[in-house]
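J.: Sending over data_35.pdb (PDB, C-alpha atoms).
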```pdb
ATOM      1  CA  MET B   1     121.470  65.069 111.702  1.00  0.00           C
ATOM      2  CA  ASP B   2     121.605  61.471 112.841  1.00  0.00           C
ATOM      3  CA  PHE B   3     118.557  59.219 113.040  1.00  0.00           C
ATOM      4  CA  LEU B   4     118.453  56.255 115.376  1.00  0.00           C
ATOM      5  CA  SER B   5     115.809  53.795 116.365  1.00  0.00           C
ATOM      6  CA  VAL B   6     114.399  53.241 119.822  1.00  0.00           C
ATOM      7  CA  ARG B   7     116.081  49.840 119.742  1.00  0.00           C
ATOM      8  CA  GLU B   8     119.484  51.443 119.087  1.00  0.00           C
ATOM      9  CA  LEU B   9     118.878  53.888 121.922  1.00  0.00           C
ATOM     10  CA  ARG B  10     118.262  51.044 124.349  1.00  0.00           C
ATOM     11  CA  ALA B  11     121.164  48.915 123.103  1.00  0.00           C
ATOM     12  CA  SER B  12     123.946  51.484 123.026  1.00  0.00           C
ATOM     13  CA  SER B  13     122.944  54.481 125.096  1.00  0.00           C
ATOM     14  CA  ARG B  14     126.487  55.233 126.278  1.00  0.00           C
ATOM     15  CA  ASN B  15     127.750  55.666 122.699  1.00  0.00           C
ATOM     16  CA  ILE B  16     124.694  57.719 121.819  1.00  0.00           C
ATOM     17  CA  TRP B  17     125.280  60.199 124.676  1.00  0.00           C
ATOM     18  CA  PHE B  18     128.847  60.661 123.479  1.00  0.00           C
ATOM     19  CA  LYS B  19     127.708  61.168 119.897  1.00  0.00           C
ATOM     20  CA  LEU B  20     124.946  63.553 121.019  1.00  0.00           C
ATOM     21  CA  ALA B  21     127.543  65.747 122.736  1.00  0.00           C
ATOM     22  CA  GLN B  22     129.407  65.981 119.414  1.00  0.00           C
ATOM     23  CA  GLU B  23     126.429  66.325 117.052  1.00  0.00           C
ATOM     24  CA  GLY B  24     124.148  68.467 119.229  1.00  0.00           C
ATOM     25  CA  LYS B  25     120.916  66.794 118.112  1.00  0.00           C
ATOM     26  CA  MET B  26     119.558  63.408 117.073  1.00  0.00           C
ATOM     27  CA  VAL B  27     116.186  62.134 115.902  1.00  0.00           C
ATOM     28  CA  ILE B  28     114.699  59.043 117.524  1.00  0.00           C
ATOM     29  CA  THR B  29     112.549  56.879 115.262  1.00  0.00           C
ATOM     30  CA  ASN B  30     109.938  54.287 116.109  1.00  0.00           C
ATOM     31  CA  ASN B  31     108.960  51.895 113.326  1.00  0.00           C
ATOM     32  CA  GLY B  32     110.877  54.108 110.901  1.00  0.00           C
ATOM     33  CA  LYS B  33     108.960  57.291 111.779  1.00  0.00           C
ATOM     34  CA  PRO B  34     110.476  60.245 113.650  1.00  0.00           C
ATOM     35  CA  THR B  35     108.993  60.426 117.136  1.00  0.00           C
ATOM     36  CA  ALA B  36     111.419  62.382 119.311  1.00  0.00           C
ATOM     37  CA  LEU B  37     114.317  64.784 119.206  1.00  0.00           C
ATOM     38  CA  LEU B  38     117.339  64.575 121.499  1.00  0.00           C
ATOM     39  CA  LEU B  39     119.108  67.875 122.132  1.00  0.00           C
ATOM     40  CA  ASP B  40     122.423  68.415 123.849  1.00  0.00           C
ATOM     41  CA  ILE B  41     121.851  71.179 126.409  1.00  0.00           C
ATOM     42  CA  SER B  42     123.538  72.412 129.566  1.00  0.00           C
ATOM     43  CA  ASN B  43     121.920  73.076 132.930  1.00  0.00           C
ATOM     44  CA  GLU B  44     122.179  76.804 132.273  1.00  0.00           C
ATOM     45  CA  ASP B  45     120.283  76.504 128.964  1.00  0.00           C
ATOM     46  CA  LEU B  46     117.495  74.185 130.101  1.00  0.00           C
ATOM     47  CA  GLU B  47     114.780  76.735 130.909  1.00  0.00           C
ATOM     48  CA  GLU B  48     115.556  78.906 127.878  1.00  0.00           C
ATOM     49  CA  THR B  49     115.601  75.894 125.566  1.00  0.00           C
ATOM     50  CA  LEU B  50     112.273  74.611 126.895  1.00  0.00           C
ATOM     51  CA  LEU B  51     110.669  78.043 126.517  1.00  0.00           C
ATOM     52  CA  THR B  52     111.981  78.397 122.968  1.00  0.00           C
ATOM     53  CA  LEU B  53     110.668  74.956 122.006  1.00  0.00           C
ATOM     54  CA  GLN B  54     107.240  75.776 123.467  1.00  0.00           C
ATOM     55  CA  GLN B  55     107.125  79.047 121.522  1.00  0.00           C
ATOM     56  CA  VAL B  56     108.073  77.339 118.265  1.00  0.00           C
ATOM     57  CA  LYS B  57     105.480  74.624 118.815  1.00  0.00           C
ATOM     58  CA  ALA B  58     102.778  77.237 119.501  1.00  0.00           C
ATOM     59  CA  MET B  59     103.743  79.225 116.397  1.00  0.00           C
ATOM     60  CA  ARG B  60     103.611  76.120 114.211  1.00  0.00           C
ATOM     61  CA  LEU B  61     100.156  75.301 115.575  1.00  0.00           C
ATOM     62  CA  PHE B  62      98.983  78.871 114.972  1.00  0.00           C
ATOM     63  CA  ASN B  63     100.252  78.802 111.380  1.00  0.00           C
ATOM     64  CA  ARG B  64      98.556  75.453 110.765  1.00  0.00           C
ATOM     65  CA  MET B  65      95.268  76.787 112.166  1.00  0.00           C
ATOM     66  CA  ARG B  66      95.552  79.929 110.026  1.00  0.00           C
ATOM     67  CA  ALA B  67      96.134  77.866 106.867  1.00  0.00           C
ATOM     68  CA  GLU B  68      93.162  75.614 107.656  1.00  0.00           C
ATOM     69  CA  ALA B  69      90.917  78.619 108.286  1.00  0.00           C
ATOM     70  CA  GLN B  70      91.979  80.247 105.056  1.00  0.00           C
ATOM     71  CA  GLY B  71      91.389  76.987 103.188  1.00  0.00           C
ATOM     72  CA  ARG B  72      87.819  76.897 104.530  1.00  0.00           C
ATOM     73  CA  GLY B  73      87.143  80.352 103.148  1.00  0.00           C
ATOM     74  CA  PHE B  74      87.636  82.557 106.170  1.00  0.00           C
ATOM     75  CA  LEU B  75      88.836  86.105 105.702  1.00  0.00           C
ATOM     76  CA  SER B  76      92.346  86.605 104.389  1.00  0.00           C
ATOM     77  CA  GLU B  77      94.763  89.014 106.060  1.00  0.00           C
ATOM     78  CA  LYS B  78      94.033  91.640 103.388  1.00  0.00           C
ATOM     79  CA  GLU B  79      90.284  91.307 103.956  1.00  0.00           C
ATOM     80  CA  ILE B  80      90.750  91.637 107.714  1.00  0.00           C
ATOM     81  CA  GLU B  81      92.870  94.758 107.220  1.00  0.00           C
ATOM     82  CA  ALA B  82      90.194  96.210 104.904  1.00  0.00           C
ATOM     83  CA  GLU B  83      87.517  95.562 107.556  1.00  0.00           C
ATOM     84  CA  ILE B  84      89.636  97.253 110.216  1.00  0.00           C
ATOM     85  CA  GLN B  85      90.248 100.263 107.976  1.00  0.00           C
ATOM     86  CA  ALA B  86      86.543 100.553 107.111  1.00  0.00           C
ATOM     87  CA  THR B  87      85.618 100.465 110.804  1.00  0.00           C
ATOM     88  CA  ARG B  88      88.212 103.117 111.639  1.00  0.00           C
ATOM     89  CA  THR B  89      86.918 105.346 108.838  1.00  0.00           C
ATOM     90  CA  GLU B  90      83.319 104.882 110.002  1.00  0.00           C
ATOM     91  CA  THR B  91      84.278 105.676 113.592  1.00  0.00           C
ATOM     92  CA  LYS B  92      86.064 108.864 112.536  1.00  0.00           C
ATOM     93  CA  SER B  93      82.980 109.929 110.531  1.00  0.00           C
ATOM     94  CA  GLN B  94      80.731 109.331 113.532  1.00  0.00           C
ATOM     95  CA  ARG B  95      82.999 111.364 115.807  1.00  0.00           C
ATOM     96  CA  LYS B  96      82.967 114.284 113.383  1.00  0.00           C
ATOM     97  CA  ALA B  97      79.158 114.172 113.239  1.00  0.00           C
ATOM     98  CA  LEU B  98      78.956 114.598 117.019  1.00  0.00           C
TER
END
```
Now that the file is in, can you turn its structure into structure tokens?
T.:
Amino acid sequence: MDFLSVRELRASSRNIWFKLAQEGKMVITNNGKPTALLLDISNEDLEETLLTLQQVKAMRLFNRMRAEAQGRGFLSEKEIEAEIQATRTETKSQRKAL
């Protein structure tokens, strides 16, 4: 994957569009840090590509939030499953008592 600076993007955009069509993706940097991603897409793929990117971004955020919560001592997935199972067992016992 090619990296190019904002300055390069401004100076030689025509060459970059040609290269983007060949490579498929490029990373734009600002002060040496990645800040944007250029993707080669067609009109037919625009909506699907945008939706996919939004889903990936949401999933990454969810995973980050889950890791932070677990780091703070919240319940793990196994503990949550155990709580659910205990509640189901208790509910079944209560139904049988009625």
J.: What would the selection look like, as a ChimeraX atom specification, if the PyMOL selection byres ((chain B and resi 7) around 12) were run on the coordinates I just shared?
T.: /B:3-6,8-13,16,28-32
J.: Could you state the separation of CA of Phe18 (chain B) and CA of Leu37 (chain B) in Å, given to one decimal place?
T.: 15.7 Å
J.: Have a look at CA of Trp17 (chain B) and CA of Leu39 (chain B) and let me know their distance in Å, one decimal.
T.: 10.2 Å
